[in-house]
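What follows is the content of work06.txt (compact mmCIF, N, CA and C atoms and all ligand atoms).
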# COMPACT_ATOMS: atom_id res chain seq x y z
N MET J 1 -21.00 26.33 22.50
CA MET J 1 -20.56 25.37 21.49
C MET J 1 -20.53 23.96 22.04
N SER J 2 -21.37 23.10 21.50
CA SER J 2 -21.43 21.74 22.02
C SER J 2 -20.32 20.87 21.44
N GLY J 3 -20.25 20.78 20.13
CA GLY J 3 -19.21 19.97 19.50
C GLY J 3 -19.58 18.51 19.42
N LEU J 4 -18.86 17.83 18.56
CA LEU J 4 -19.12 16.41 18.34
C LEU J 4 -18.15 15.58 19.16
N SER J 5 -18.56 14.39 19.46
CA SER J 5 -17.60 13.42 19.99
C SER J 5 -16.85 12.84 18.80
N CYS J 6 -15.74 12.17 19.07
CA CYS J 6 -14.96 11.56 17.99
C CYS J 6 -15.81 10.52 17.26
N ALA J 7 -16.61 9.78 18.00
CA ALA J 7 -17.46 8.76 17.38
C ALA J 7 -18.47 9.40 16.43
N GLN J 8 -19.05 10.50 16.86
CA GLN J 8 -20.01 11.21 16.01
C GLN J 8 -19.32 11.77 14.77
N ALA J 9 -18.12 12.31 14.98
CA ALA J 9 -17.37 12.86 13.85
C ALA J 9 -17.10 11.76 12.83
N MET J 10 -16.71 10.59 13.34
CA MET J 10 -16.35 9.50 12.44
C MET J 10 -17.55 8.99 11.64
N GLN J 11 -18.71 9.09 12.25
CA GLN J 11 -19.92 8.66 11.53
C GLN J 11 -20.17 9.54 10.32
N ARG J 12 -19.60 10.72 10.33
CA ARG J 12 -19.83 11.66 9.22
C ARG J 12 -18.72 11.64 8.18
N PHE J 13 -17.67 10.88 8.46
CA PHE J 13 -16.52 10.89 7.56
C PHE J 13 -16.89 10.53 6.13
N PHE J 14 -17.66 9.46 6.00
CA PHE J 14 -17.93 8.97 4.65
C PHE J 14 -18.84 9.92 3.89
N ALA J 15 -19.80 10.48 4.57
CA ALA J 15 -20.65 11.48 3.93
C ALA J 15 -19.79 12.68 3.52
N TYR J 16 -18.84 13.01 4.40
CA TYR J 16 -17.94 14.13 4.13
C TYR J 16 -17.09 13.83 2.89
N LEU J 17 -16.55 12.63 2.84
CA LEU J 17 -15.71 12.24 1.70
C LEU J 17 -16.51 12.20 0.41
N ASP J 18 -17.76 11.86 0.52
CA ASP J 18 -18.65 11.82 -0.65
C ASP J 18 -19.20 13.21 -0.98
N ARG J 19 -18.79 14.19 -0.20
CA ARG J 19 -19.31 15.56 -0.33
C ARG J 19 -20.83 15.59 -0.18
N ALA J 20 -21.33 14.67 0.61
CA ALA J 20 -22.78 14.61 0.83
C ALA J 20 -23.16 15.40 2.07
N LEU J 21 -22.14 15.92 2.74
CA LEU J 21 -22.38 16.63 3.99
C LEU J 21 -22.48 18.13 3.70
N THR J 22 -23.55 18.73 4.18
CA THR J 22 -23.72 20.17 3.97
C THR J 22 -24.27 20.80 5.25
N GLY J 23 -24.26 22.11 5.29
CA GLY J 23 -24.91 22.84 6.37
C GLY J 23 -24.32 22.56 7.73
N GLU J 24 -25.19 22.43 8.71
CA GLU J 24 -24.75 22.33 10.10
C GLU J 24 -23.90 21.09 10.39
N PRO J 25 -24.31 19.92 9.89
CA PRO J 25 -23.47 18.74 10.15
C PRO J 25 -22.06 18.92 9.63
N LEU J 26 -21.92 19.57 8.48
CA LEU J 26 -20.60 19.82 7.90
C LEU J 26 -19.82 20.78 8.78
N GLU J 27 -20.47 21.83 9.22
CA GLU J 27 -19.79 22.82 10.07
C GLU J 27 -19.36 22.19 11.38
N GLU J 28 -20.21 21.36 11.94
CA GLU J 28 -19.86 20.69 13.20
C GLU J 28 -18.66 19.78 13.02
N LEU J 29 -18.65 19.06 11.91
CA LEU J 29 -17.52 18.16 11.66
C LEU J 29 -16.24 18.96 11.48
N GLU J 30 -16.30 20.01 10.70
CA GLU J 30 -15.09 20.80 10.46
C GLU J 30 -14.59 21.45 11.75
N ALA J 31 -15.53 21.88 12.58
CA ALA J 31 -15.14 22.46 13.86
C ALA J 31 -14.43 21.41 14.72
N HIS J 32 -14.95 20.19 14.69
CA HIS J 32 -14.32 19.12 15.46
C HIS J 32 -12.92 18.82 14.93
N LEU J 33 -12.80 18.78 13.61
CA LEU J 33 -11.51 18.44 13.00
C LEU J 33 -10.45 19.48 13.32
N GLU J 34 -10.88 20.73 13.50
CA GLU J 34 -9.92 21.78 13.84
C GLU J 34 -9.33 21.57 15.23
N GLN J 35 -10.11 20.93 16.09
CA GLN J 35 -9.66 20.77 17.47
C GLN J 35 -9.10 19.38 17.76
N CYS J 36 -9.36 18.45 16.87
CA CYS J 36 -9.06 17.07 17.20
C CYS J 36 -8.05 16.48 16.21
N LEU J 37 -6.84 16.34 16.68
CA LEU J 37 -5.78 15.85 15.82
C LEU J 37 -6.02 14.40 15.42
N ALA J 38 -6.55 13.62 16.33
CA ALA J 38 -6.79 12.19 16.06
C ALA J 38 -7.74 12.03 14.88
N CYS J 39 -8.84 12.78 14.90
CA CYS J 39 -9.82 12.67 13.82
C CYS J 39 -9.25 13.26 12.53
N CYS J 40 -8.48 14.30 12.68
CA CYS J 40 -7.85 14.92 11.52
C CYS J 40 -6.95 13.91 10.81
N ASP J 41 -6.16 13.19 11.59
CA ASP J 41 -5.30 12.15 11.04
C ASP J 41 -6.12 11.06 10.37
N LYS J 42 -7.17 10.66 11.05
CA LYS J 42 -8.00 9.59 10.50
C LYS J 42 -8.67 10.02 9.22
N LEU J 43 -9.08 11.25 9.18
CA LEU J 43 -9.74 11.73 7.97
C LEU J 43 -8.75 11.81 6.82
N ALA J 44 -7.55 12.29 7.11
CA ALA J 44 -6.52 12.36 6.08
C ALA J 44 -6.23 10.96 5.54
N PHE J 45 -6.15 10.00 6.45
CA PHE J 45 -5.92 8.62 6.06
C PHE J 45 -7.09 8.10 5.22
N SER J 46 -8.30 8.38 5.66
CA SER J 46 -9.48 7.92 4.93
C SER J 46 -9.54 8.52 3.54
N ARG J 47 -9.18 9.79 3.49
CA ARG J 47 -9.24 10.50 2.21
C ARG J 47 -8.23 9.89 1.23
N ASP J 48 -7.02 9.62 1.74
CA ASP J 48 -5.99 8.99 0.90
C ASP J 48 -6.45 7.62 0.45
N LEU J 49 -6.98 6.87 1.38
CA LEU J 49 -7.43 5.51 1.09
C LEU J 49 -8.56 5.55 0.07
N ASP J 50 -9.47 6.46 0.29
CA ASP J 50 -10.62 6.63 -0.60
C ASP J 50 -10.15 6.96 -2.01
N ALA J 51 -9.22 7.90 -2.11
CA ALA J 51 -8.70 8.31 -3.41
C ALA J 51 -7.98 7.14 -4.08
N PHE J 52 -7.21 6.42 -3.27
CA PHE J 52 -6.47 5.28 -3.78
C PHE J 52 -7.42 4.21 -4.32
N VAL J 53 -8.41 3.90 -3.53
CA VAL J 53 -9.36 2.86 -3.91
C VAL J 53 -10.13 3.25 -5.17
N ARG J 54 -10.57 4.49 -5.20
CA ARG J 54 -11.31 4.96 -6.38
C ARG J 54 -10.45 4.92 -7.63
N GLN J 55 -9.19 5.28 -7.44
CA GLN J 55 -8.27 5.30 -8.57
C GLN J 55 -8.05 3.89 -9.10
N ARG J 56 -7.90 2.97 -8.18
CA ARG J 56 -7.62 1.59 -8.57
C ARG J 56 -8.85 0.89 -9.13
N LEU J 57 -9.97 1.15 -8.55
CA LEU J 57 -11.16 0.36 -8.88
C LEU J 57 -12.22 1.16 -9.62
N GLY J 58 -11.93 2.42 -9.89
CA GLY J 58 -12.96 3.24 -10.47
C GLY J 58 -13.99 3.59 -9.41
N ALA J 59 -15.15 3.99 -9.82
CA ALA J 59 -16.16 4.43 -8.87
C ALA J 59 -16.74 3.25 -8.09
N ALA J 60 -16.60 2.05 -8.67
CA ALA J 60 -17.24 0.90 -8.03
C ALA J 60 -16.37 0.31 -6.94
N VAL J 61 -16.53 0.83 -5.74
CA VAL J 61 -15.84 0.25 -4.59
C VAL J 61 -16.71 -0.90 -4.08
N PRO J 62 -16.11 -2.08 -3.99
CA PRO J 62 -16.90 -3.21 -3.52
C PRO J 62 -17.51 -2.93 -2.15
N ALA J 63 -18.76 -3.27 -1.99
CA ALA J 63 -19.47 -3.00 -0.75
C ALA J 63 -18.75 -3.65 0.43
N GLU J 64 -18.18 -4.80 0.16
CA GLU J 64 -17.50 -5.52 1.25
C GLU J 64 -16.30 -4.73 1.76
N LEU J 65 -15.55 -4.18 0.82
CA LEU J 65 -14.38 -3.38 1.20
C LEU J 65 -14.80 -2.13 1.95
N GLU J 66 -15.82 -1.49 1.45
CA GLU J 66 -16.29 -0.28 2.10
C GLU J 66 -16.74 -0.57 3.52
N THR J 67 -17.44 -1.68 3.67
CA THR J 67 -17.88 -2.09 5.01
C THR J 67 -16.68 -2.31 5.92
N ARG J 68 -15.64 -2.94 5.37
CA ARG J 68 -14.46 -3.21 6.17
C ARG J 68 -13.76 -1.92 6.60
N ILE J 69 -13.69 -0.97 5.66
CA ILE J 69 -13.05 0.32 5.98
C ILE J 69 -13.87 1.05 7.05
N ARG J 70 -15.18 1.05 6.86
CA ARG J 70 -16.03 1.70 7.84
C ARG J 70 -15.84 1.10 9.22
N ARG J 71 -15.75 -0.23 9.26
CA ARG J 71 -15.59 -0.92 10.54
C ARG J 71 -14.24 -0.57 11.16
N ALA J 72 -13.21 -0.52 10.32
CA ALA J 72 -11.87 -0.21 10.81
C ALA J 72 -11.85 1.20 11.41
N LEU J 73 -12.55 2.10 10.78
CA LEU J 73 -12.58 3.47 11.27
C LEU J 73 -13.42 3.59 12.55
N ALA J 74 -14.44 2.76 12.63
CA ALA J 74 -15.35 2.84 13.77
C ALA J 74 -14.69 2.36 15.05
N THR J 75 -13.73 1.46 14.94
CA THR J 75 -13.03 0.97 16.13
C THR J 75 -11.87 1.90 16.43
N GLY J 76 -12.20 3.04 16.98
CA GLY J 76 -11.20 4.05 17.29
C GLY J 76 -10.41 3.72 18.54
N PRO J 77 -9.64 4.68 19.02
CA PRO J 77 -8.83 4.48 20.21
C PRO J 77 -9.71 4.29 21.46
ZN ZN W 1 -12.04 13.60 17.28
Take the structure in this file and express it as structure tokens.
Ligand SMILES: [Zn+2]
Amino acid sequence: MSGLSCAQAMQRFFAYLDRALTGEPLEELEAHLEQCLACCDKLAFSRDLDAFVRQRLGAAVPAELETRIRRALATGP
């Protein structure tokens, strides 16, 4: 079992949240999340934020905001 690094896992978060992740990449991410509390927390936070943003703004999340969120997530510990 190779597993993902946290950086690799984070690169898949948005695809995961969009349910665009399937097959092996999805399995790898879920396997990582089971072992990694830090990423698990970040994903929970992203999911809440994503739900909040979608609720407030509808499906149209401004590209600028999305970019900012992605950048915030990319600068991990
Ligand atoms: Zn991790």
Using only C-alpha atoms and all ligand atoms, find each residue with an atom at most 8 Å away from ligand ZN 1 (chain W) and format the answer as a short mmCIF file (atom, residue, chain, number, x, y, z; two decimals) with N, CA and C atoms, in the frame of the given file.
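Saved the output as result-v8.cif:
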data_model
loop_
_atom_site.label_atom_id
_atom_site.label_comp_id
_atom_site.auth_asym_id
_atom_site.auth_seq_id
_atom_site.Cartn_x
_atom_site.Cartn_y
_atom_site.Cartn_z
N LEU J 4 -18.86 17.83 18.56
CA LEU J 4 -19.12 16.41 18.34
C LEU J 4 -18.15 15.58 19.16
N SER J 5 -18.56 14.39 19.46
CA SER J 5 -17.60 13.42 19.99
C SER J 5 -16.85 12.84 18.80
N CYS J 6 -15.74 12.17 19.07
CA CYS J 6 -14.96 11.56 17.99
C CYS J 6 -15.81 10.52 17.26
N ALA J 7 -16.61 9.78 18.00
CA ALA J 7 -17.46 8.76 17.38
C ALA J 7 -18.47 9.40 16.43
N ALA J 9 -18.12 12.31 14.98
CA ALA J 9 -17.37 12.86 13.85
C ALA J 9 -17.10 11.76 12.83
N MET J 10 -16.71 10.59 13.34
CA MET J 10 -16.35 9.50 12.44
C MET J 10 -17.55 8.99 11.64
N HIS J 32 -14.95 20.19 14.69
CA HIS J 32 -14.32 19.12 15.46
C HIS J 32 -12.92 18.82 14.93
N LEU J 33 -12.80 18.78 13.61
CA LEU J 33 -11.51 18.44 13.00
C LEU J 33 -10.45 19.48 13.32
N GLN J 35 -10.11 20.93 16.09
CA GLN J 35 -9.66 20.77 17.47
C GLN J 35 -9.10 19.38 17.76
N CYS J 36 -9.36 18.45 16.87
CA CYS J 36 -9.06 17.07 17.20
C CYS J 36 -8.05 16.48 16.21
N LEU J 37 -6.84 16.34 16.68
CA LEU J 37 -5.78 15.85 15.82
C LEU J 37 -6.02 14.40 15.42
N ALA J 38 -6.55 13.62 16.33
CA ALA J 38 -6.79 12.19 16.06
C ALA J 38 -7.74 12.03 14.88
N CYS J 39 -8.84 12.78 14.90
CA CYS J 39 -9.82 12.67 13.82
C CYS J 39 -9.25 13.26 12.53
N CYS J 40 -8.48 14.30 12.68
CA CYS J 40 -7.85 14.92 11.52
C CYS J 40 -6.95 13.91 10.81
#
message: To one decimal place in Å, what is the distance between atom N of Val53 (chain J) and atom C of Gly3 (chain J)?
response: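 Between atom N of Val53 (chain J) and atom C of Gly3 (chain J) the gap works out to 29.4 Å.
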task: Run DSSP on the backbone and give me the residues of chain J it puts in alpha helix (DSSP H), as a ChimeraX atom specification.
output: /J:6-11,13-17,23-35,37-57,63-74
task: Could you please determine the separation between atom N of Pro25 (chain J) and atom N of Gln11 (chain J) in Å, to one decimal place?
output: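 These two atoms are separated by 12.4 Å.
Note that the spacing between atom N of Glu34 (chain J) and atom C of Gln8 (chain J) amounts to 12.4 Å.
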task: Rank nothing, just name the residue among J:Ala31, J:Asp41, J:Arg47, J:Leu65 nearest to Ala15 (chain J), using only C-alpha atoms.
output: J:Arg47
Given 6 Å on each side, where is the centre and what are the edge lengths in Å to one decimal of the axis-aligned box enclosing the listed atoms of region 28-43 of chain J, as lines of an AutoDock Vina configuration file?
center_x = -12.8
center_y = 16.0
center_z = 12.3
size_x = 26.9
size_y = 24.9
size_z = 22.9
